[in-house]
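Next comes data.txt, a file with compact mmCIF, C-alpha atoms.
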```
# COMPACT_ATOMS: atom_id res chain seq x y z
CA MET B 187 -75.92 113.85 -30.10
CA ALA B 188 -72.25 114.87 -29.61
CA LYS B 189 -72.77 115.42 -25.86
CA SER B 190 -74.48 112.00 -25.51
CA SER B 191 -71.62 110.28 -27.32
CA SER B 192 -69.04 112.04 -25.14
CA LEU B 193 -70.91 111.10 -21.96
CA LEU B 194 -71.19 107.46 -23.10
CA PHE B 195 -67.46 107.38 -23.88
CA HIS B 196 -66.46 108.69 -20.46
CA LEU B 197 -68.84 106.33 -18.65
CA THR B 198 -67.39 103.37 -20.59
CA LEU B 199 -63.83 104.48 -19.80
CA LEU B 200 -64.66 104.86 -16.09
CA LEU B 201 -66.29 101.40 -15.96
CA THR B 202 -63.25 99.87 -17.68
CA LEU B 203 -60.86 101.45 -15.20
CA LEU B 204 -62.92 100.36 -12.21
CA THR B 205 -63.30 96.76 -13.34
CA SER B 206 -59.64 96.45 -14.33
CA HIS B 207 -58.63 97.29 -10.76
CA SER B 208 -61.32 95.27 -9.02
CA LEU B 209 -61.14 91.97 -10.92
CA PRO B 210 -58.81 89.38 -9.34
CA THR B 211 -55.66 88.59 -11.28
CA ASN B 212 -54.39 85.11 -12.06
CA PRO B 213 -50.62 85.21 -11.58
CA LYS B 214 -48.50 82.40 -13.01
CA PRO B 215 -48.19 79.73 -10.32
CA LYS B 216 -44.82 79.60 -8.65
CA GLN B 217 -42.57 76.62 -9.34
CA ARG B 218 -42.20 74.39 -6.30
CA PHE B 219 -38.75 73.16 -7.29
CA THR B 220 -36.21 75.30 -9.11
CA LYS B 221 -33.24 72.95 -8.65
CA ILE B 222 -32.56 69.21 -8.76
CA TYR B 223 -29.42 67.54 -7.47
CA ALA B 224 -29.02 63.96 -8.68
CA PHE B 225 -26.80 61.10 -7.53
CA GLY B 226 -26.39 57.47 -8.49
CA ASP B 227 -24.83 55.28 -11.18
CA SER B 228 -25.25 54.78 -14.94
CA PHE B 229 -29.05 54.69 -14.69
CA THR B 230 -28.86 58.38 -13.69
CA ASP B 231 -25.54 59.62 -15.16
CA THR B 232 -26.18 62.32 -17.79
CA GLY B 233 -22.59 62.70 -18.93
CA ASN B 234 -20.04 62.44 -16.13
CA THR B 235 -18.73 59.26 -17.78
CA HIS B 236 -17.03 59.04 -21.16
CA SER B 237 -15.79 56.07 -23.13
CA THR B 238 -12.33 56.49 -21.61
CA THR B 239 -13.58 56.55 -18.00
CA GLY B 240 -16.50 54.13 -17.93
CA PRO B 241 -16.58 50.43 -17.03
CA TYR B 242 -14.37 48.47 -19.43
CA SER B 243 -17.08 46.14 -20.76
CA PHE B 244 -19.32 49.12 -21.55
CA GLY B 245 -16.60 51.54 -22.58
CA TYR B 246 -18.14 52.99 -25.71
CA VAL B 247 -20.80 55.34 -24.35
CA SER B 248 -19.35 58.30 -26.27
CA SER B 249 -19.92 56.51 -29.56
CA PRO B 250 -23.03 55.97 -31.66
CA PRO B 251 -25.58 54.47 -31.55
CA TYR B 252 -25.81 55.77 -27.96
CA GLY B 253 -28.19 58.75 -27.91
CA THR B 254 -29.65 58.21 -31.37
CA THR B 255 -33.35 58.23 -30.44
CA PHE B 256 -33.76 61.65 -28.81
CA PHE B 257 -30.51 63.61 -28.93
CA HIS B 258 -29.38 62.13 -32.27
CA ARG B 259 -25.85 61.95 -30.92
CA SER B 260 -24.10 60.54 -27.89
CA THR B 261 -24.49 62.63 -24.74
CA ASN B 262 -22.68 59.97 -22.68
CA ARG B 263 -25.99 58.66 -21.35
CA TYR B 264 -26.16 54.86 -21.25
CA SER B 265 -29.27 54.64 -23.40
CA ASP B 266 -30.60 55.55 -26.81
CA GLY B 267 -32.15 58.69 -25.33
CA ARG B 268 -33.48 60.14 -22.10
CA LEU B 269 -33.28 58.63 -18.62
CA VAL B 270 -35.74 58.78 -15.72
CA ILE B 271 -33.96 61.85 -14.33
CA ASP B 272 -34.53 63.60 -17.67
CA PHE B 273 -38.25 62.81 -17.57
CA LEU B 274 -38.35 64.15 -14.01
CA ALA B 275 -36.80 67.42 -15.20
CA ASN B 276 -39.40 67.59 -17.98
CA THR B 277 -42.20 66.96 -15.50
CA LEU B 278 -40.97 69.82 -13.30
CA SER B 279 -40.46 72.14 -16.30
CA LEU B 280 -36.74 72.30 -15.65
CA PRO B 281 -33.86 71.89 -18.11
CA PHE B 282 -31.90 68.64 -18.29
CA LEU B 283 -29.35 68.41 -15.51
CA PRO B 284 -25.77 69.08 -16.60
CA PRO B 285 -23.12 66.61 -15.41
CA TYR B 286 -21.05 67.94 -12.51
CA LEU B 287 -17.75 67.16 -14.25
CA SER B 288 -18.72 69.38 -17.17
CA ARG B 289 -17.49 72.39 -15.28
CA ASN B 290 -18.44 75.05 -17.84
CA SER B 291 -22.15 74.14 -17.73
CA ASP B 292 -25.03 76.25 -16.45
CA PHE B 293 -25.79 74.90 -12.97
CA SER B 294 -28.51 77.42 -12.13
CA HIS B 295 -31.12 74.65 -11.97
CA GLY B 296 -29.00 71.96 -10.31
CA ALA B 297 -26.37 69.39 -11.18
CA ASN B 298 -25.97 65.67 -11.73
CA PHE B 299 -23.26 63.90 -9.71
CA ALA B 300 -24.09 60.34 -10.82
CA VAL B 301 -21.30 58.27 -12.36
CA ALA B 302 -21.57 55.07 -14.40
CA GLY B 303 -20.05 52.14 -12.55
CA SER B 304 -20.19 53.86 -9.17
CA THR B 305 -20.83 51.80 -6.06
CA ALA B 306 -22.50 52.10 -2.68
CA ILE B 307 -19.36 50.70 -0.99
CA GLU B 308 -16.11 52.65 -1.16
CA TYR B 309 -13.51 51.68 -3.76
CA GLU B 310 -10.93 51.05 -1.03
CA PHE B 311 -13.01 48.12 0.20
CA TYR B 312 -12.72 46.40 -3.16
CA ALA B 313 -9.03 47.17 -3.47
CA LYS B 314 -8.49 45.64 -0.02
CA HIS B 315 -10.16 42.43 -1.26
CA ASN B 316 -8.10 42.45 -4.46
CA ILE B 317 -11.08 43.37 -6.62
CA SER B 318 -10.07 46.41 -8.61
CA ILE B 319 -10.20 45.30 -12.26
CA ASP B 320 -12.88 47.20 -14.20
CA ILE B 321 -14.11 48.98 -11.05
CA VAL B 322 -14.73 52.71 -11.30
CA PRO B 323 -13.08 54.37 -8.26
CA VAL B 324 -16.18 56.38 -7.37
CA SER B 325 -18.75 55.61 -4.66
CA ILE B 326 -21.90 57.34 -3.53
CA MET B 327 -19.87 59.01 -0.78
CA THR B 328 -17.46 60.34 -3.41
CA GLU B 329 -20.46 62.01 -5.01
CA LEU B 330 -21.42 63.53 -1.65
CA GLY B 331 -17.91 64.98 -1.41
CA TRP B 332 -18.32 66.48 -4.89
CA PHE B 333 -21.63 67.99 -3.79
CA ASP B 334 -19.95 69.66 -0.81
CA LYS B 335 -17.20 71.02 -3.05
CA PHE B 336 -19.80 72.25 -5.52
CA LEU B 337 -21.75 74.15 -2.85
CA LYS B 338 -18.57 75.71 -1.53
CA GLU B 339 -17.68 76.92 -5.01
CA LYS B 340 -21.19 78.32 -5.47
CA GLY B 341 -21.13 80.18 -2.18
CA GLY B 342 -23.28 77.98 0.02
CA ALA B 343 -26.41 75.84 0.17
CA PRO B 344 -29.41 76.50 -2.08
CA ASP B 345 -32.92 77.28 -0.89
CA MET B 346 -33.84 73.81 0.35
CA GLU B 347 -37.56 74.54 0.11
CA LYS B 348 -37.14 74.77 -3.66
CA THR B 349 -34.60 71.97 -4.08
CA LEU B 350 -35.34 68.35 -4.91
CA PHE B 351 -32.76 65.61 -4.32
CA TRP B 352 -32.85 62.56 -6.58
CA VAL B 353 -30.94 59.50 -5.34
CA GLY B 354 -30.98 57.07 -8.22
CA GLU B 355 -30.58 53.33 -7.82
CA ILE B 356 -27.19 52.41 -6.39
CA GLY B 357 -25.80 49.05 -5.33
CA ALA B 358 -26.25 46.94 -8.46
CA ASN B 359 -22.58 47.38 -9.30
CA ASP B 360 -21.57 46.24 -5.82
CA TYR B 361 -23.35 42.92 -6.26
CA ALA B 362 -21.90 42.52 -9.75
CA TYR B 363 -18.36 43.17 -8.53
CA SER B 364 -18.74 40.80 -5.57
CA VAL B 365 -19.13 37.90 -8.02
CA MET B 366 -15.38 38.21 -8.63
CA SER B 367 -14.65 37.19 -5.03
CA SER B 368 -15.40 33.92 -3.25
CA THR B 369 -14.97 35.55 0.17
CA LEU B 370 -17.61 38.28 -0.09
CA LEU B 371 -20.95 36.89 1.06
CA PRO B 372 -24.30 38.31 -0.17
CA ASP B 373 -25.51 39.23 3.33
CA GLN B 374 -22.24 41.04 4.03
CA MET B 375 -22.43 42.99 0.76
CA ARG B 376 -26.06 43.91 1.30
CA GLY B 377 -25.40 45.18 4.82
CA LEU B 378 -22.41 47.27 3.75
CA ALA B 379 -24.14 48.64 0.63
CA VAL B 380 -27.36 49.68 2.35
CA ASN B 381 -25.49 51.09 5.35
CA ASN B 382 -23.52 53.34 3.02
CA VAL B 383 -26.65 54.45 1.17
CA ASN B 384 -28.27 55.19 4.53
CA ASN B 385 -25.25 57.24 5.60
CA PHE B 386 -25.39 59.13 2.32
CA LEU B 387 -29.10 59.90 2.72
CA GLU B 388 -28.59 61.05 6.28
CA GLY B 389 -25.68 63.17 5.07
CA LEU B 390 -28.04 65.01 2.72
CA LEU B 391 -30.63 65.39 5.46
CA LYS B 392 -28.05 66.81 7.86
CA ARG B 393 -27.12 69.30 5.15
CA GLY B 394 -30.72 70.50 5.15
CA ALA B 395 -32.43 68.45 2.42
CA LYS B 396 -36.23 68.80 2.68
CA TYR B 397 -37.43 66.87 -0.35
CA MET B 398 -35.89 63.65 -1.60
CA ILE B 399 -36.69 60.77 -3.93
CA VAL B 400 -34.83 57.48 -3.35
CA GLU B 401 -34.91 54.76 -6.00
CA GLY B 402 -34.70 51.07 -5.21
CA LEU B 403 -32.98 48.60 -7.51
CA PRO B 404 -34.75 47.38 -10.66
CA LEU B 405 -35.20 43.69 -11.47
CA THR B 406 -31.50 43.17 -12.21
CA GLY B 407 -32.20 39.49 -12.84
CA CYS B 408 -34.19 40.46 -15.94
CA LEU B 409 -31.26 42.22 -17.61
CA PRO B 410 -29.58 40.36 -20.49
CA LEU B 411 -26.24 40.41 -18.67
CA ALA B 412 -27.68 38.47 -15.72
CA LEU B 413 -29.59 36.11 -17.98
CA SER B 414 -26.44 35.37 -19.99
CA LEU B 415 -24.42 34.53 -16.87
CA THR B 416 -26.95 32.36 -15.04
CA PRO B 417 -28.10 28.82 -15.92
CA SER B 418 -31.50 28.25 -17.50
CA SER B 419 -32.52 26.36 -14.35
CA ASP B 420 -32.27 29.64 -12.41
CA ARG B 421 -35.49 31.27 -13.57
CA ASP B 422 -38.48 32.81 -11.82
CA ALA B 423 -42.06 33.35 -12.97
CA LEU B 424 -40.91 36.21 -15.22
CA ASN B 425 -38.30 33.96 -16.86
CA CYS B 426 -35.60 36.09 -15.20
CA SER B 427 -32.78 35.01 -12.90
CA LEU B 428 -34.39 33.96 -9.64
CA LYS B 429 -31.15 34.29 -7.66
CA VAL B 430 -30.29 37.76 -8.92
CA ASN B 431 -33.83 39.10 -8.47
CA LYS B 432 -33.93 37.74 -4.91
CA GLN B 433 -30.71 39.62 -4.25
CA SER B 434 -32.22 42.88 -5.49
CA SER B 435 -35.42 42.25 -3.53
CA ALA B 436 -33.50 41.73 -0.29
CA HIS B 437 -31.55 44.92 -0.94
CA ASN B 438 -34.73 46.90 -1.55
CA SER B 439 -36.44 45.56 1.57
CA LEU B 440 -33.52 46.60 3.74
CA LEU B 441 -33.23 49.97 2.00
CA LEU B 442 -36.93 50.71 2.49
CA SER B 443 -36.66 49.89 6.20
CA ARG B 444 -33.83 52.42 6.47
CA VAL B 445 -35.83 55.02 4.57
CA GLN B 446 -38.73 54.53 6.97
CA ALA B 447 -36.39 55.01 9.94
CA LEU B 448 -35.01 58.22 8.41
CA ARG B 449 -38.56 59.52 7.95
CA LYS B 450 -39.12 59.18 11.68
CA ALA B 451 -35.77 60.74 12.54
CA TYR B 452 -36.33 63.68 10.15
CA PRO B 453 -40.11 64.32 10.27
CA HIS B 454 -39.84 67.73 8.62
CA SER B 455 -38.38 66.25 5.45
CA VAL B 456 -40.34 64.34 2.81
CA ILE B 457 -38.50 61.22 1.66
CA SER B 458 -40.21 59.40 -1.19
CA TYR B 459 -39.35 55.84 -2.20
CA ALA B 460 -39.54 55.03 -5.92
CA ASP B 461 -40.23 51.31 -6.20
CA TYR B 462 -38.16 50.46 -9.27
CA SER B 463 -38.54 46.69 -8.96
CA ALA B 464 -42.35 46.92 -8.76
CA ALA B 465 -42.49 49.23 -11.80
CA HIS B 466 -40.11 46.95 -13.70
CA ARG B 467 -42.13 43.90 -12.69
CA VAL B 468 -45.48 45.22 -13.92
CA VAL B 469 -43.94 45.84 -17.33
CA MET B 470 -42.34 42.41 -17.52
CA GLN B 471 -45.62 40.76 -16.56
CA ASN B 472 -47.39 42.31 -19.55
CA PRO B 473 -44.87 44.01 -21.85
CA LYS B 474 -47.27 44.38 -24.79
CA ARG B 475 -49.56 46.53 -22.66
CA TYR B 476 -46.74 49.06 -22.52
CA GLY B 477 -45.76 48.76 -26.17
CA PHE B 478 -42.87 46.32 -25.86
CA THR B 479 -42.50 43.24 -28.04
CA GLU B 480 -38.92 42.41 -26.94
CA PRO B 481 -38.72 42.24 -23.12
CA TYR B 482 -35.43 40.29 -23.00
CA LYS B 483 -33.50 40.89 -26.21
CA THR B 484 -30.80 43.58 -26.36
CA CYS B 485 -31.51 46.36 -28.87
CA CYS B 486 -27.88 47.43 -29.23
CA GLY B 487 -25.93 44.22 -28.90
CA SER B 488 -24.47 41.29 -30.76
CA GLY B 489 -24.66 37.53 -30.96
CA GLY B 490 -28.27 37.14 -31.98
CA GLY B 491 -30.44 34.56 -30.28
CA GLU B 492 -32.94 35.29 -27.52
CA LEU B 493 -30.72 37.88 -25.81
CA ASN B 494 -28.55 39.32 -28.60
CA PHE B 495 -25.89 39.98 -25.99
CA ASP B 496 -22.16 39.34 -25.93
CA LEU B 497 -20.16 40.82 -23.05
CA PHE B 498 -17.09 41.03 -25.29
CA ALA B 499 -18.84 42.87 -28.13
CA THR B 500 -21.12 45.47 -26.55
CA CYS B 501 -22.98 48.52 -27.84
CA GLY B 502 -20.83 51.17 -29.54
CA SER B 503 -17.83 48.89 -29.97
CA PRO B 504 -16.37 48.36 -33.45
CA ALA B 505 -18.41 45.15 -33.63
CA VAL B 506 -21.69 46.90 -32.76
CA SER B 507 -22.06 50.16 -34.64
CA LYS B 508 -25.80 49.85 -35.23
CA ALA B 509 -28.78 49.22 -32.97
CA CYS B 510 -32.17 47.69 -33.66
CA PRO B 511 -34.36 49.80 -36.00
CA ASP B 512 -37.10 50.39 -33.39
CA PRO B 513 -35.72 50.76 -29.84
CA ALA B 514 -39.19 51.75 -28.54
CA ARG B 515 -40.24 48.09 -28.83
CA TYR B 516 -37.35 46.95 -26.62
CA VAL B 517 -37.04 47.07 -22.85
CA ASN B 518 -33.25 46.59 -22.88
CA TRP B 519 -30.85 48.87 -24.68
CA ASP B 520 -27.28 47.50 -24.30
CA GLY B 521 -27.65 44.48 -22.03
CA VAL B 522 -27.44 46.32 -18.70
CA HIS B 523 -29.23 49.61 -19.31
CA LEU B 524 -32.75 50.30 -20.54
CA THR B 525 -34.16 52.04 -23.59
CA GLU B 526 -35.64 55.51 -23.52
CA GLY B 527 -38.99 53.82 -24.12
CA MET B 528 -38.63 51.80 -20.93
CA TYR B 529 -37.36 54.78 -18.94
CA ARG B 530 -40.39 56.74 -20.15
CA VAL B 531 -42.78 54.02 -18.94
CA VAL B 532 -40.98 53.71 -15.58
CA SER B 533 -41.12 57.50 -15.16
CA ASP B 534 -44.85 57.50 -15.85
CA LEU B 535 -45.38 54.72 -13.31
CA PHE B 536 -43.33 56.66 -10.75
CA PHE B 537 -44.78 60.11 -11.26
CA ARG B 538 -48.40 59.37 -12.15
CA HIS B 539 -49.37 55.83 -11.22
CA GLY B 540 -48.50 55.23 -7.60
CA TYR B 541 -45.09 53.53 -7.80
CA MET B 542 -43.55 56.34 -5.77
CA ARG B 543 -44.64 56.88 -2.16
CA PRO B 544 -45.26 59.56 -1.05
CA SER B 545 -46.32 60.62 -4.54
CA LEU B 546 -44.80 63.40 -6.62
CA GLN B 547 -48.00 65.36 -6.01
CA VAL B 548 -47.21 65.33 -2.28
CA LEU B 549 -43.70 66.63 -2.91
CA LEU B 550 -45.18 69.35 -5.09
CA GLY B 551 -47.55 70.30 -2.27
CA LYS B 552 -50.66 69.63 -4.36
CA THR B 553 -52.10 66.92 -2.11
CA LYS B 554 -51.76 65.87 1.48
CA ALA B 555 -49.32 63.12 2.45
CA ASP B 556 -50.67 59.80 1.29
CA GLU B 557 -50.58 56.38 2.82
CA GLY B 558 -47.22 54.66 2.82
CA LYS B 559 -45.08 57.59 3.87
```
What's the structure tokens form of this structure?
Amino acid sequence: MAKSSSLLFHLTLLLTLLTSHSLPTNPKPKQRFTKIYAFGDSFTDTGNTHSTTGPYSFGYVSSPPYGTTFFHRSTNRYSDGRLVIDFLANTLSLPFLPPYLSRNSDFSHGANFAVAGSTAIEYEFYAKHNISIDIVPVSIMTELGWFDKFLKEKGGAPDMEKTLFWVGEIGANDYAYSVMSSTLLPDQMRGLAVNNVNNFLEGLLKRGAKYMIVEGLPLTGCLPLALSLTPSSDRDALNCSLKVNKQSSAHNSLLLSRVQALRKAYPHSVISYADYSAAHRVVMQNPKRYGFTEPYKTCCGSGGGELNFDLFATCGSPAVSKACPDPARYVNWDGVHLTEGMYRVVSDLFFRHGYMRPSLQVLLGKTKADEGK
């Protein structure tokens, strides 16, 4: 009996050793992207701007109730919580991007160069036209210069096959600033703004960028600021400013044409266009479907009424120390920027529901290039 038991033991051990070496292993899948570099304005800025450096009318971003929903404190994001860029980082299993100007941060997974109030057109252009009040002296090309400086400090370019570039919406501030001048025409501003964005994108491509997501403008005519400054006769089917939304639409059409041209010029790079206006529009057409009961009213604002917005008493100021009790029901956070709830919905539409072409799955290499590239 002892010999039989010993023989059975050795046979079992031998079978175990053989099968352990012959069975295929399932290694953890490699991450496609290990770094993100982000650019843009306040819709993407994760902390480069503070109350003392931001646009004057929205100069309280370092104060509560900014950040109360997710971080439970201000992180200098212009929202109650996370932005689209934060949801992208979550989707890619990467940490939130540290702001470039926070120089002691861990930049091993990328950096965020976006600045609230930044423009597509250089600051010098506005100064030349005597428009410098409340304008942040940072443009998208300034951010490109910071990126170059950053890479030099880090010893060179990253592995571009594992790096994703996020170019958040840029240009809304240019159109807002141009209102202060009677000599700057909309067509002129659009041409200059999109040309500069195109030059910026090509600058990244020339530096070796392989994977890039470019956001268009949202429906800026649906923001409380625009609605408060335009007459009630200027309304479209969404009850938003017809004039302002047409301006954003024209910008996006021209930007998309430039993106398509860059795709042809740089066929080995994947340039995805995130259609912000389309995502914004589908929510405004049926806000309750996405959980919103207040599509126009400002959550963190003052003045009451349909908009609850006063440009001279904005979120975080001494006059506005509290926000609405349930920001998730609101599309608009402070009159210009959106709530975390809205950013979450927009992110889902971008990354999972076809409002980004080519899709995120294409960038991740999980599917072949889809229609609309």
> For the atom pair atom CA of B:Ser414 and atom CA of B:Ser237, what is the interatomic distance in Å to one decimal place?
Replying inline: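 Straight-line distance from atom CA of B:Ser414 to atom CA of B:Ser237 works out to 23.5 Å.
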> At a cut-off of 7 Å from (-25.6, 57.7, -6.4) in the coordinates of the file, what residues are picked up using only C-alpha atoms, written as an MDAnalysis selection string?
Replying inline: chainID B and resid 225:227 300 326 329 353:356
>> Restricting the calculation to all atoms listed in the file: of B:Leu415, B:Leu497, B:Leu440, B:Leu409, which residue gets closest to B:Asp373?
In response: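 Selected residue with least distance to B:Asp373: B:Leu440.
Atom CA of B:Tyr541 sits 11.7 Å away from atom CA of B:Ile399.
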>> For a quick check of your reading of the model, name the residues lying within 9 Å of the coordinate (-18.4, 51.0, -30.9), counting only C-alpha atoms, and write them as number ranges by chain.
In response: B: 245-251, 499-508
> Excluding same-chain residues fewer than 3 positions from B:Gly357, what lies within 6 Å of it counting all atoms listed in the file, as a ChimeraX atom specification?
Replying inline: /B:305-306,360
>> Between atom CA of B:Val548 and atom CA of B:Lys221, what distance in Å does the model show, to one decimal?
In response: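 Taking atom CA of B:Val548 and atom CA of B:Lys221, their separation equals 17.1 Å.
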>> Under the rule that only C-alpha atoms are counted, which of B:Asn276, B:Ala358, B:Tyr223, B:Ser318 is the nearest residue to B:His295?
In response: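 Of B:Asn276, B:Ala358, B:Tyr223, B:Ser318, the one nearest B:His295 is B:Tyr223, counting only C-alpha atoms.
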> If we count only C-alpha atoms, what is near stretch 333-337 of chain B at a cut-off of 12 Å, once residues fewer than 3 positions away on the same chain are taken out, given as a PyMOL selection string?
Replying inline: chain B and resi 223-225+285-287+289+293-294+296-300+326-330+340-345+351+386+389-390+393
Hey, can you spit out that residue selection with C-alpha atoms as a PDB file, in the frame of the given file?
```pdb
ATOM      1  CA  TYR B 223     -29.420  67.540  -7.470  1.00  0.00           C
ATOM      2  CA  ALA B 224     -29.020  63.960  -8.680  1.00  0.00           C
ATOM      3  CA  PHE B 225     -26.800  61.100  -7.530  1.00  0.00           C
ATOM      4  CA  PRO B 285     -23.120  66.610 -15.410  1.00  0.00           C
ATOM      5  CA  TYR B 286     -21.050  67.940 -12.510  1.00  0.00           C
ATOM      6  CA  LEU B 287     -17.750  67.160 -14.250  1.00  0.00           C
ATOM      7  CA  ARG B 289     -17.490  72.390 -15.280  1.00  0.00           C
ATOM      8  CA  PHE B 293     -25.790  74.900 -12.970  1.00  0.00           C
ATOM      9  CA  SER B 294     -28.510  77.420 -12.130  1.00  0.00           C
ATOM     10  CA  GLY B 296     -29.000  71.960 -10.310  1.00  0.00           C
ATOM     11  CA  ALA B 297     -26.370  69.390 -11.180  1.00  0.00           C
ATOM     12  CA  ASN B 298     -25.970  65.670 -11.730  1.00  0.00           C
ATOM     13  CA  PHE B 299     -23.260  63.900  -9.710  1.00  0.00           C
ATOM     14  CA  ALA B 300     -24.090  60.340 -10.820  1.00  0.00           C
ATOM     15  CA  ILE B 326     -21.900  57.340  -3.530  1.00  0.00           C
ATOM     16  CA  MET B 327     -19.870  59.010  -0.780  1.00  0.00           C
ATOM     17  CA  THR B 328     -17.460  60.340  -3.410  1.00  0.00           C
ATOM     18  CA  GLU B 329     -20.460  62.010  -5.010  1.00  0.00           C
ATOM     19  CA  LEU B 330     -21.420  63.530  -1.650  1.00  0.00           C
ATOM     20  CA  LYS B 340     -21.190  78.320  -5.470  1.00  0.00           C
ATOM     21  CA  GLY B 341     -21.130  80.180  -2.180  1.00  0.00           C
ATOM     22  CA  GLY B 342     -23.280  77.980   0.020  1.00  0.00           C
ATOM     23  CA  ALA B 343     -26.410  75.840   0.170  1.00  0.00           C
ATOM     24  CA  PRO B 344     -29.410  76.500  -2.080  1.00  0.00           C
ATOM     25  CA  ASP B 345     -32.920  77.280  -0.890  1.00  0.00           C
ATOM     26  CA  PHE B 351     -32.760  65.610  -4.320  1.00  0.00           C
ATOM     27  CA  PHE B 386     -25.390  59.130   2.320  1.00  0.00           C
ATOM     28  CA  GLY B 389     -25.680  63.170   5.070  1.00  0.00           C
ATOM     29  CA  LEU B 390     -28.040  65.010   2.720  1.00  0.00           C
ATOM     30  CA  ARG B 393     -27.120  69.300   5.150  1.00  0.00           C
TER      31      ARG B 393
END
```
>> Residues near B:Lys483, anyone? I mean within 8 Å using only C-alpha atoms, not counting same-chain ones fewer than 2 positions away, as a ChimeraX atom specification.
In response: /B:410,480-481,485,492-495,516-518
>> Given all atoms listed in the file as the basis, pick out the residue of B:Lys474, B:Arg376, B:His454, B:His258 nearest to B:Leu441.
In response: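 That would be B:Arg376, the residue with the smallest distance to B:Leu441.
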> Which is closest to B:Glu526 among B:Asp320, B:Asp272, B:Asp266, B:Asp496, if we use all atoms listed in the file?
Replying inline: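 Between B:Asp320, B:Asp272, B:Asp266, B:Asp496, the residue approaching B:Glu526 most closely is B:Asp266.
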>> as an MDAnalysis selection string, please: the residues near B:Pro372 (cut-off 10 Å, all atoms listed in the file, same-chain neighbours under 6 positions excluded).
In response: chainID B and resid 361 364:365 378 433 436:437
>> Calculated over only C-alpha atoms, which of the candidates B:Pro241, B:Gly407, B:Gly233, B:Pro473 has the smallest distance to B:Ser427?
In response: B:Gly407
